[in-house]
$ cat target.cif   # mmCIF, N, CA and C atoms
data_work
loop_
_atom_site.group_PDB
_atom_site.id
_atom_site.type_symbol
_atom_site.label_atom_id
_atom_site.label_comp_id
_atom_site.auth_asym_id
_atom_site.auth_seq_id
_atom_site.Cartn_x
_atom_site.Cartn_y
_atom_site.Cartn_z
ATOM 1 N N MET K 224 0.852 -1.154 0.000
ATOM 2 C CA MET K 224 0.000 0.000 0.000
ATOM 3 C C MET K 224 0.912 1.235 0.000
ATOM 4 N N TYR K 225 0.642 2.167 -0.922
ATOM 5 C CA TYR K 225 1.471 3.363 -1.053
ATOM 6 C C TYR K 225 1.243 4.311 0.116
ATOM 7 N N GLN K 226 2.325 4.864 0.629
ATOM 8 C CA GLN K 226 2.274 5.847 1.710
ATOM 9 C C GLN K 226 2.673 7.203 1.123
ATOM 10 N N PRO K 227 1.750 8.176 1.062
ATOM 11 C CA PRO K 227 2.102 9.493 0.511
ATOM 12 C C PRO K 227 3.217 10.159 1.316
ATOM 13 N N ARG K 228 3.901 11.075 0.656
ATOM 14 C CA ARG K 228 5.032 11.755 1.296
ATOM 15 C C ARG K 228 4.605 12.478 2.572
ATOM 16 N N ALA K 229 3.434 13.111 2.556
ATOM 17 C CA ALA K 229 2.969 13.843 3.743
ATOM 18 C C ALA K 229 2.795 12.904 4.936
ATOM 19 N N THR K 230 2.275 11.715 4.695
ATOM 20 C CA THR K 230 2.098 10.728 5.762
ATOM 21 C C THR K 230 3.448 10.276 6.303
ATOM 22 N N ARG K 231 4.383 10.020 5.403
ATOM 23 C CA ARG K 231 5.706 9.568 5.830
ATOM 24 C C ARG K 231 6.429 10.647 6.634
ATOM 25 N N VAL K 232 6.333 11.897 6.186
ATOM 26 C CA VAL K 232 6.974 13.002 6.903
ATOM 27 C C VAL K 232 6.342 13.176 8.276
ATOM 28 N N ALA K 233 5.007 13.105 8.338
ATOM 29 C CA ALA K 233 4.313 13.268 9.620
ATOM 30 C C ALA K 233 4.729 12.185 10.608
ATOM 31 N N ARG K 234 4.787 10.950 10.153
ATOM 32 C CA ARG K 234 5.188 9.857 11.050
ATOM 33 C C ARG K 234 6.634 10.015 11.515
ATOM 34 N N ALA K 235 7.513 10.416 10.611
ATOM 35 C CA ALA K 235 8.915 10.612 10.986
ATOM 36 C C ALA K 235 9.048 11.748 12.001
ATOM 37 N N LEU K 236 8.299 12.830 11.802
ATOM 38 C CA LEU K 236 8.359 13.950 12.745
ATOM 39 C C LEU K 236 7.769 13.586 14.102
ATOM 40 N N ILE K 237 6.717 12.769 14.109
ATOM 41 C CA ILE K 237 6.141 12.308 15.381
ATOM 42 C C ILE K 237 7.165 11.479 16.151
ATOM 43 N N VAL K 238 7.852 10.589 15.446
ATOM 44 C CA VAL K 238 8.875 9.762 16.097
ATOM 45 C C VAL K 238 9.983 10.641 16.668
ATOM 46 N N LEU K 239 10.425 11.632 15.906
ATOM 47 C CA LEU K 239 11.480 12.520 16.404
ATOM 48 C C LEU K 239 11.003 13.346 17.596
ATOM 49 N N ALA K 240 9.753 13.795 17.573
ATOM 50 C CA ALA K 240 9.211 14.560 18.704
ATOM 51 C C ALA K 240 9.140 13.702 19.960
ATOM 52 N N VAL K 241 8.667 12.473 19.812
ATOM 53 C CA VAL K 241 8.605 11.563 20.961
ATOM 54 C C VAL K 241 10.014 11.286 21.477
ATOM 55 N N THR K 242 10.955 11.131 20.570
ATOM 56 C CA THR K 242 12.348 10.907 20.962
ATOM 57 C C THR K 242 12.872 12.068 21.801
ATOM 58 N N LEU K 243 12.596 13.289 21.357
ATOM 59 C CA LEU K 243 13.083 14.460 22.094
ATOM 60 C C LEU K 243 12.401 14.625 23.449
ATOM 61 N N VAL K 244 11.176 14.132 23.580
ATOM 62 C CA VAL K 244 10.482 14.193 24.874
ATOM 63 C C VAL K 244 11.008 13.119 25.821
ATOM 64 N N VAL K 245 11.286 11.940 25.287
ATOM 65 C CA VAL K 245 11.699 10.807 26.126
ATOM 66 C C VAL K 245 13.163 10.924 26.564
ATOM 67 N N MET K 246 14.005 11.531 25.747
ATOM 68 C CA MET K 246 15.439 11.610 26.076
ATOM 69 C C MET K 246 15.723 12.230 27.448
ATOM 70 N N PRO K 247 15.145 13.379 27.799
ATOM 71 C CA PRO K 247 15.439 13.932 29.133
ATOM 72 C C PRO K 247 14.906 13.068 30.273
ATOM 73 N N VAL K 248 13.810 12.358 30.021
ATOM 74 C CA VAL K 248 13.225 11.510 31.070
ATOM 75 C C VAL K 248 14.145 10.338 31.382
ATOM 76 N N VAL K 249 14.665 9.684 30.335
ATOM 77 C CA VAL K 249 15.509 8.507 30.570
ATOM 78 C C VAL K 249 16.908 8.888 31.048
ATOM 79 N N PHE K 250 17.253 10.163 30.985
ATOM 80 C CA PHE K 250 18.561 10.596 31.484
ATOM 81 C C PHE K 250 18.722 10.283 32.965
ATOM 82 N N PHE K 251 17.625 10.274 33.708
ATOM 83 C CA PHE K 251 17.696 10.053 35.153
ATOM 84 C C PHE K 251 17.812 8.580 35.536
ATOM 85 N N LEU K 252 17.768 7.677 34.563
ATOM 86 C CA LEU K 252 17.967 6.251 34.841
ATOM 87 C C LEU K 252 19.455 5.930 34.726
ATOM 88 N N PRO K 253 20.018 5.268 35.731
ATOM 89 C CA PRO K 253 21.432 4.913 35.628
ATOM 90 C C PRO K 253 21.633 3.832 34.565
ATOM 91 N N PRO K 254 22.670 3.799 33.843
ATOM 92 C CA PRO K 254 23.721 4.775 33.637
ATOM 93 C C PRO K 254 23.185 5.970 32.847
ATOM 94 N N HIS K 255 23.423 7.151 33.350
ATOM 95 C CA HIS K 255 22.753 8.362 32.906
ATOM 96 C C HIS K 255 23.005 8.743 31.450
ATOM 97 N N LEU K 256 24.163 8.506 30.935
ATOM 98 C CA LEU K 256 24.466 8.932 29.571
ATOM 99 C C LEU K 256 24.056 7.898 28.528
ATOM 100 N N LEU K 257 23.971 6.643 28.908
ATOM 101 C CA LEU K 257 23.684 5.577 27.950
ATOM 102 C C LEU K 257 22.271 5.653 27.386
ATOM 103 N N TRP K 258 21.259 5.810 28.241
ATOM 104 C CA TRP K 258 19.869 5.718 27.787
ATOM 105 C C TRP K 258 19.468 6.821 26.812
ATOM 106 N N PRO K 259 19.865 8.072 27.011
ATOM 107 C CA PRO K 259 19.527 9.074 25.990
ATOM 108 C C PRO K 259 20.151 8.772 24.626
ATOM 109 N N ILE K 260 21.359 8.216 24.633
ATOM 110 C CA ILE K 260 22.005 7.855 23.370
ATOM 111 C C ILE K 260 21.247 6.713 22.697
ATOM 112 N N VAL K 261 20.810 5.730 23.476
ATOM 113 C CA VAL K 261 20.032 4.612 22.933
ATOM 114 C C VAL K 261 18.707 5.113 22.365
ATOM 115 N N VAL K 262 18.025 5.988 23.101
ATOM 116 C CA VAL K 262 16.746 6.535 22.635
ATOM 117 C C VAL K 262 16.948 7.358 21.366
ATOM 118 N N LEU K 263 18.006 8.150 21.314
ATOM 119 C CA LEU K 263 18.291 8.948 20.123
ATOM 120 C C LEU K 263 18.566 8.054 18.916
ATOM 121 N N GLY K 264 19.343 7.002 19.114
ATOM 122 C CA GLY K 264 19.625 6.068 18.024
ATOM 123 C C GLY K 264 18.377 5.359 17.533
ATOM 124 N N ALA K 265 17.548 4.896 18.468
ATOM 125 C CA ALA K 265 16.306 4.216 18.088
ATOM 126 C C ALA K 265 15.358 5.178 17.382
ATOM 127 N N GLY K 266 15.271 6.407 17.870
ATOM 128 C CA GLY K 266 14.411 7.400 17.231
ATOM 129 C C GLY K 266 14.873 7.736 15.826
ATOM 130 N N ALA K 267 16.176 7.883 15.642
ATOM 131 C CA ALA K 267 16.717 8.170 14.309
ATOM 132 C C ALA K 267 16.461 7.006 13.359
ATOM 133 N N TYR K 268 16.645 5.780 13.847
ATOM 134 C CA TYR K 268 16.391 4.596 13.024
ATOM 135 C C TYR K 268 14.926 4.528 12.594
ATOM 136 N N LEU K 269 14.007 4.699 13.549
ATOM 137 C CA LEU K 269 12.580 4.620 13.226
ATOM 138 C C LEU K 269 12.144 5.771 12.324
ATOM 139 N N ALA K 270 12.659 6.971 12.553
ATOM 140 C CA ALA K 270 12.301 8.107 11.705
ATOM 141 C C ALA K 270 12.750 7.866 10.269
ATOM 142 N N ARG K 271 13.953 7.341 10.086
ATOM 143 C CA ARG K 271 14.431 7.040 8.734
ATOM 144 C C ARG K 271 13.602 5.936 8.095
ATOM 145 N N LYS K 272 13.246 4.944 8.879
ATOM 146 C CA LYS K 272 12.430 3.840 8.375
ATOM 147 C C LYS K 272 11.079 4.351 7.867
ATOM 148 N N TYR K 273 10.438 5.236 8.631
ATOM 149 C CA TYR K 273 9.150 5.786 8.211
ATOM 150 C C TYR K 273 9.304 6.740 7.028
ATOM 151 N N TRP K 274 10.413 7.469 6.961
ATOM 152 C CA TRP K 274 10.613 8.429 5.888
ATOM 153 C C TRP K 274 10.892 7.729 4.556
ATOM 154 N N VAL K 275 11.740 6.712 4.549
ATOM 155 C CA VAL K 275 12.183 6.073 3.313
ATOM 156 C C VAL K 275 11.155 5.083 2.771
ATOM 157 N N GLY K 276 10.407 4.406 3.629
ATOM 158 C CA GLY K 276 9.486 3.355 3.191
ATOM 159 C C GLY K 276 8.265 3.900 2.475
ATOM 160 N N GLU K 277 8.308 3.912 1.142
ATOM 161 C CA GLU K 277 7.193 4.431 0.350
ATOM 162 C C GLU K 277 5.985 3.503 0.372
ATOM 163 N N TYR K 278 6.245 2.218 0.505
ATOM 164 C CA TYR K 278 5.166 1.232 0.445
ATOM 165 C C TYR K 278 5.154 0.392 1.711
ATOM 166 N N HIS K 279 3.975 -0.016 2.110
ATOM 167 C CA HIS K 279 3.765 -0.884 3.265
ATOM 168 C C HIS K 279 3.319 -2.228 2.696
ATOM 169 N N VAL K 280 4.106 -3.283 2.890
ATOM 170 C CA VAL K 280 3.845 -4.582 2.275
ATOM 171 C C VAL K 280 2.674 -5.278 2.965
ATOM 172 N N ARG K 281 1.686 -5.651 2.181
ATOM 173 C CA ARG K 281 0.583 -6.479 2.680
ATOM 174 C C ARG K 281 0.847 -7.944 2.349
ATOM 175 N N HIS K 282 1.292 -8.162 1.108
ATOM 176 C CA HIS K 282 1.570 -9.517 0.637
ATOM 177 C C HIS K 282 2.643 -9.411 -0.437
ATOM 178 N N PHE K 283 3.581 -10.338 -0.443
ATOM 179 C CA PHE K 283 4.636 -10.331 -1.453
ATOM 180 C C PHE K 283 4.814 -11.731 -2.003
ATOM 181 N N GLN K 284 4.888 -11.799 -3.330
ATOM 182 C CA GLN K 284 5.168 -13.061 -3.995
ATOM 183 C C GLN K 284 6.075 -12.742 -5.169
ATOM 184 N N GLY K 285 7.249 -13.342 -5.190
ATOM 185 C CA GLY K 285 8.188 -13.073 -6.265
ATOM 186 C C GLY K 285 9.277 -14.121 -6.298
ATOM 187 N N ALA K 286 9.927 -14.211 -7.454
ATOM 188 C CA ALA K 286 11.002 -15.179 -7.639
ATOM 189 C C ALA K 286 12.211 -14.467 -8.228
ATOM 190 N N CYS K 287 13.372 -15.011 -7.959
ATOM 191 C CA CYS K 287 14.612 -14.473 -8.500
ATOM 192 C C CYS K 287 14.602 -14.650 -10.016
ATOM 193 N N PRO K 288 14.920 -13.607 -10.784
ATOM 194 C CA PRO K 288 14.921 -13.744 -12.239
ATOM 195 C C PRO K 288 16.043 -14.634 -12.767
ATOM 196 N N ARG K 289 17.040 -14.893 -11.972
ATOM 197 C CA ARG K 289 18.170 -15.703 -12.424
ATOM 198 C C ARG K 289 17.962 -17.191 -12.144
ATOM 199 N N CYS K 290 17.647 -17.532 -10.884
ATOM 200 C CA CYS K 290 17.584 -18.953 -10.515
ATOM 201 C C CYS K 290 16.170 -19.438 -10.212
ATOM 202 N N GLY K 291 15.211 -18.528 -10.060
ATOM 203 C CA GLY K 291 13.831 -18.923 -9.801
ATOM 204 C C GLY K 291 13.506 -19.188 -8.344
ATOM 205 N N THR K 292 14.463 -18.992 -7.447
ATOM 206 C CA THR K 292 14.211 -19.180 -6.022
ATOM 207 C C THR K 292 13.203 -18.141 -5.543
ATOM 208 N N GLU K 293 12.253 -18.587 -4.724
ATOM 209 C CA GLU K 293 11.244 -17.664 -4.215
ATOM 210 C C GLU K 293 11.890 -16.671 -3.254
ATOM 211 N N LEU K 294 11.605 -15.391 -3.473
ATOM 212 C CA LEU K 294 12.131 -14.333 -2.616
ATOM 213 C C LEU K 294 11.154 -14.085 -1.484
ATOM 214 N N GLU K 295 11.675 -13.764 -0.309
ATOM 215 C CA GLU K 295 10.833 -13.576 0.870
ATOM 216 C C GLU K 295 10.826 -12.119 1.306
ATOM 217 N N MET K 296 9.637 -11.688 1.749
ATOM 218 C CA MET K 296 9.474 -10.365 2.336
ATOM 219 C C MET K 296 8.316 -10.459 3.316
ATOM 220 N N LYS K 297 8.519 -9.980 4.524
ATOM 221 C CA LYS K 297 7.500 -10.086 5.566
ATOM 222 C C LYS K 297 6.380 -9.077 5.342
ATOM 223 N N ALA K 298 5.168 -9.473 5.701
ATOM 224 C CA ALA K 298 4.045 -8.538 5.687
ATOM 225 C C ALA K 298 4.294 -7.479 6.754
ATOM 226 N N GLY K 299 3.992 -6.232 6.431
ATOM 227 C CA GLY K 299 4.218 -5.142 7.363
ATOM 228 C C GLY K 299 5.537 -4.420 7.156
ATOM 229 N N GLN K 300 6.409 -4.987 6.335
ATOM 230 C CA GLN K 300 7.702 -4.365 6.069
ATOM 231 C C GLN K 300 7.504 -3.117 5.210
ATOM 232 N N ARG K 301 8.361 -2.134 5.372
ATOM 233 C CA ARG K 301 8.307 -0.909 4.566
ATOM 234 C C ARG K 301 9.402 -0.986 3.509
ATOM 235 N N VAL K 302 9.012 -0.737 2.254
ATOM 236 C CA VAL K 302 9.948 -0.842 1.137
ATOM 237 C C VAL K 302 9.787 0.368 0.222
ATOM 238 N N ARG K 303 10.717 0.498 -0.713
ATOM 239 C CA ARG K 303 10.621 1.536 -1.742
ATOM 240 C C ARG K 303 10.818 0.877 -3.102
ATOM 241 N N ASN K 304 10.323 1.530 -4.125
ATOM 242 C CA ASN K 304 10.462 1.007 -5.477
ATOM 243 C C ASN K 304 11.936 1.043 -5.870
ATOM 244 N N GLY K 305 12.431 -0.034 -6.430
ATOM 245 C CA GLY K 305 13.834 -0.125 -6.802
ATOM 246 C C GLY K 305 14.736 -0.643 -5.702
ATOM 247 N N GLN K 306 14.160 -1.043 -4.578
ATOM 248 C CA GLN K 306 14.948 -1.565 -3.459
ATOM 249 C C GLN K 306 15.609 -2.879 -3.863
ATOM 250 N N VAL K 307 16.812 -3.092 -3.397
ATOM 251 C CA VAL K 307 17.558 -4.312 -3.696
ATOM 252 C C VAL K 307 17.141 -5.406 -2.720
ATOM 253 N N LEU K 308 16.833 -6.591 -3.261
ATOM 254 C CA LEU K 308 16.511 -7.767 -2.453
ATOM 255 C C LEU K 308 17.684 -8.736 -2.528
ATOM 256 N N GLU K 309 17.738 -9.657 -1.612
ATOM 257 C CA GLU K 309 18.812 -10.652 -1.585
ATOM 258 C C GLU K 309 18.238 -12.010 -1.934
ATOM 259 N N CYS K 310 18.804 -12.664 -2.955
ATOM 260 C CA CYS K 310 18.426 -14.036 -3.295
ATOM 261 C C CYS K 310 19.408 -14.961 -2.586
ATOM 262 N N TYR K 311 18.886 -15.823 -1.722
ATOM 263 C CA TYR K 311 19.755 -16.729 -0.975
ATOM 264 C C TYR K 311 20.102 -17.982 -1.775
ATOM 265 N N GLY K 312 19.504 -18.138 -2.970
ATOM 266 C CA GLY K 312 19.821 -19.277 -3.827
ATOM 267 C C GLY K 312 21.086 -19.045 -4.641
ATOM 268 N N CYS K 313 21.157 -17.893 -5.328
ATOM 269 C CA CYS K 313 22.298 -17.613 -6.199
ATOM 270 C C CYS K 313 23.092 -16.385 -5.753
ATOM 271 N N HIS K 314 22.660 -15.731 -4.687
ATOM 272 C CA HIS K 314 23.311 -14.551 -4.105
ATOM 273 C C HIS K 314 23.328 -13.350 -5.049
ATOM 274 N N ARG K 315 22.406 -13.355 -6.000
ATOM 275 C CA ARG K 315 22.222 -12.186 -6.855
ATOM 276 C C ARG K 315 21.360 -11.186 -6.094
ATOM 277 N N GLN K 316 21.429 -9.937 -6.456
ATOM 278 C CA GLN K 316 20.644 -8.906 -5.785
ATOM 279 C C GLN K 316 19.694 -8.242 -6.782
ATOM 280 N N PRO K 317 18.537 -8.872 -7.025
ATOM 281 C CA PRO K 317 17.572 -8.267 -7.946
ATOM 282 C C PRO K 317 16.905 -7.049 -7.320
ATOM 283 N N ARG K 318 16.431 -6.155 -8.170
ATOM 284 C CA ARG K 318 15.734 -4.952 -7.702
ATOM 285 C C ARG K 318 14.234 -5.194 -7.690
ATOM 286 N N LEU K 319 13.583 -4.628 -6.694
ATOM 287 C CA LEU K 319 12.139 -4.735 -6.543
ATOM 288 C C LEU K 319 11.460 -3.727 -7.467
ATOM 289 N N VAL K 320 10.525 -4.208 -8.297
ATOM 290 C CA VAL K 320 9.724 -3.345 -9.161
ATOM 291 C C VAL K 320 8.282 -3.509 -8.727
ATOM 292 N N ILE K 321 7.659 -2.407 -8.317
ATOM 293 C CA ILE K 321 6.306 -2.458 -7.771
ATOM 294 C C ILE K 321 5.314 -2.097 -8.858
ATOM 295 N N ASP K 322 4.367 -3.010 -9.112
ATOM 296 C CA ASP K 322 3.284 -2.760 -10.055
ATOM 297 C C ASP K 322 2.068 -2.314 -9.278
ATOM 298 N N GLU K 323 1.517 -1.163 -9.650
ATOM 299 C CA GLU K 323 0.308 -0.663 -9.002
ATOM 300 C C GLU K 323 -0.899 -1.407 -9.562
ATOM 301 N N PRO K 324 -1.797 -1.909 -8.695
ATOM 302 C CA PRO K 324 -3.003 -2.579 -9.193
ATOM 303 C C PRO K 324 -3.955 -1.563 -9.821
ATOM 304 N N ASP K 325 -4.653 -1.999 -10.857
ATOM 305 C CA ASP K 325 -5.645 -1.142 -11.506
ATOM 306 C C ASP K 325 -6.957 -1.272 -10.766
ATOM 307 N N ASP K 326 -7.377 -0.201 -10.087
ATOM 308 C CA ASP K 326 -8.631 -0.234 -9.328
ATOM 309 C C ASP K 326 -9.760 0.330 -10.144
#

$ encode --input "target.cif" --output "structure tokens"
Amino acid sequence: MYQPRATRVARALIVLAVTLVVMPVVFFLPPHLLWPIVVLGAGAYLARKYWVGEYHVRHFQGACPRCGTELEMKAGQRVRNGQVLECYGCHRQPRLVIDEPDD
């Protein structure tokens, strides 16, 4: 399912805002410097994940164009068009091409 840019930006900004609110709170938990760094790293990771993921996978079915091995992708994963996948059969890295359904 396609995620518009405005939705992706809003989610990324919400994650960053929550990160900035939680960082001072976790500072008071020992060890004092570690937890804010962990929260900042997790917030940056999640914000990037929401920003870059143009599509939200509901179902994926595909095969490697070289060896025919079925490629796997979990439901709920965020992907973008042209993303590189890993084939564990031949170790080739095919690119994901997303076809929009005609509604």

$ resolve_selection --input "target.cif" --expression "the PyMOL selection byres ((chain K and resi 229-236) around 5)" --output "PyMOL selection string"
chain K and resi 227-228+237-240+270+273-274

$ residues_around --input "target.cif" --residues "range 310-321 of chain K" --least-positions-apart "4" --cutoff "6.5 Å" --atoms "only N, CA and C atoms" --output "PyMOL selection string"
chain K and resi 287+290+292+294+303-306

$ closest_residue --input "target.cif" --among "K:Val280, K:Val241, K:Val275, K:Met246" --to "Gln300 in chain K" --atoms "all atoms listed in the file"
K:Val280

$ select_by_dssp --input "target.cif" --residues "range 239-305 of chain K" --states "helix (DSSP H, G or I)" --output "VMD selection string"
chain K and resid 239 to 249 257 to 275

$ residues_around --input "target.cif" --residues "range 255-268 of chain K" --least-positions-apart "3" --cutoff "8 Å" --atoms "only C-alpha atoms" --output "PyMOL selection string"
chain K and resi 238-239+242-243+245-247+249-252+271-272

$ atom_distance --input "target.cif" --atom1 "atom N of Gln226 in chain K" --atom2 "atom N of Glu295 in chain K"
20.9 Å

$ closest_residue --input "target.cif" --among "K:Glu323, K:Glu309, K:Gly291, K:Arg301" --to "Gly276 in chain K" --atoms "all atoms listed in the file"
K:Arg301

$ decode --input "target.cif" --residues "range 248-260 of chain K" --atoms "C-alpha atoms" --output "mmCIF file, in the first residue's frame"
data_model
loop_
_atom_site.group_PDB
_atom_site.id
_atom_site.type_symbol
_atom_site.label_atom_id
_atom_site.label_comp_id
_atom_site.auth_asym_id
_atom_site.auth_seq_id
_atom_site.Cartn_x
_atom_site.Cartn_y
_atom_site.Cartn_z
ATOM 1 C CA VAL K 248 13.225 11.510 31.070
ATOM 2 C CA VAL K 249 15.509 8.507 30.570
ATOM 3 C CA PHE K 250 18.561 10.596 31.484
ATOM 4 C CA PHE K 251 17.696 10.053 35.153
ATOM 5 C CA LEU K 252 17.967 6.251 34.841
ATOM 6 C CA PRO K 253 21.432 4.913 35.628
ATOM 7 C CA PRO K 254 23.721 4.775 33.637
ATOM 8 C CA HIS K 255 22.753 8.362 32.906
ATOM 9 C CA LEU K 256 24.466 8.932 29.571
ATOM 10 C CA LEU K 257 23.684 5.577 27.950
ATOM 11 C CA TRP K 258 19.869 5.718 27.787
ATOM 12 C CA PRO K 259 19.527 9.074 25.990
ATOM 13 C CA ILE K 260 22.005 7.855 23.370
#
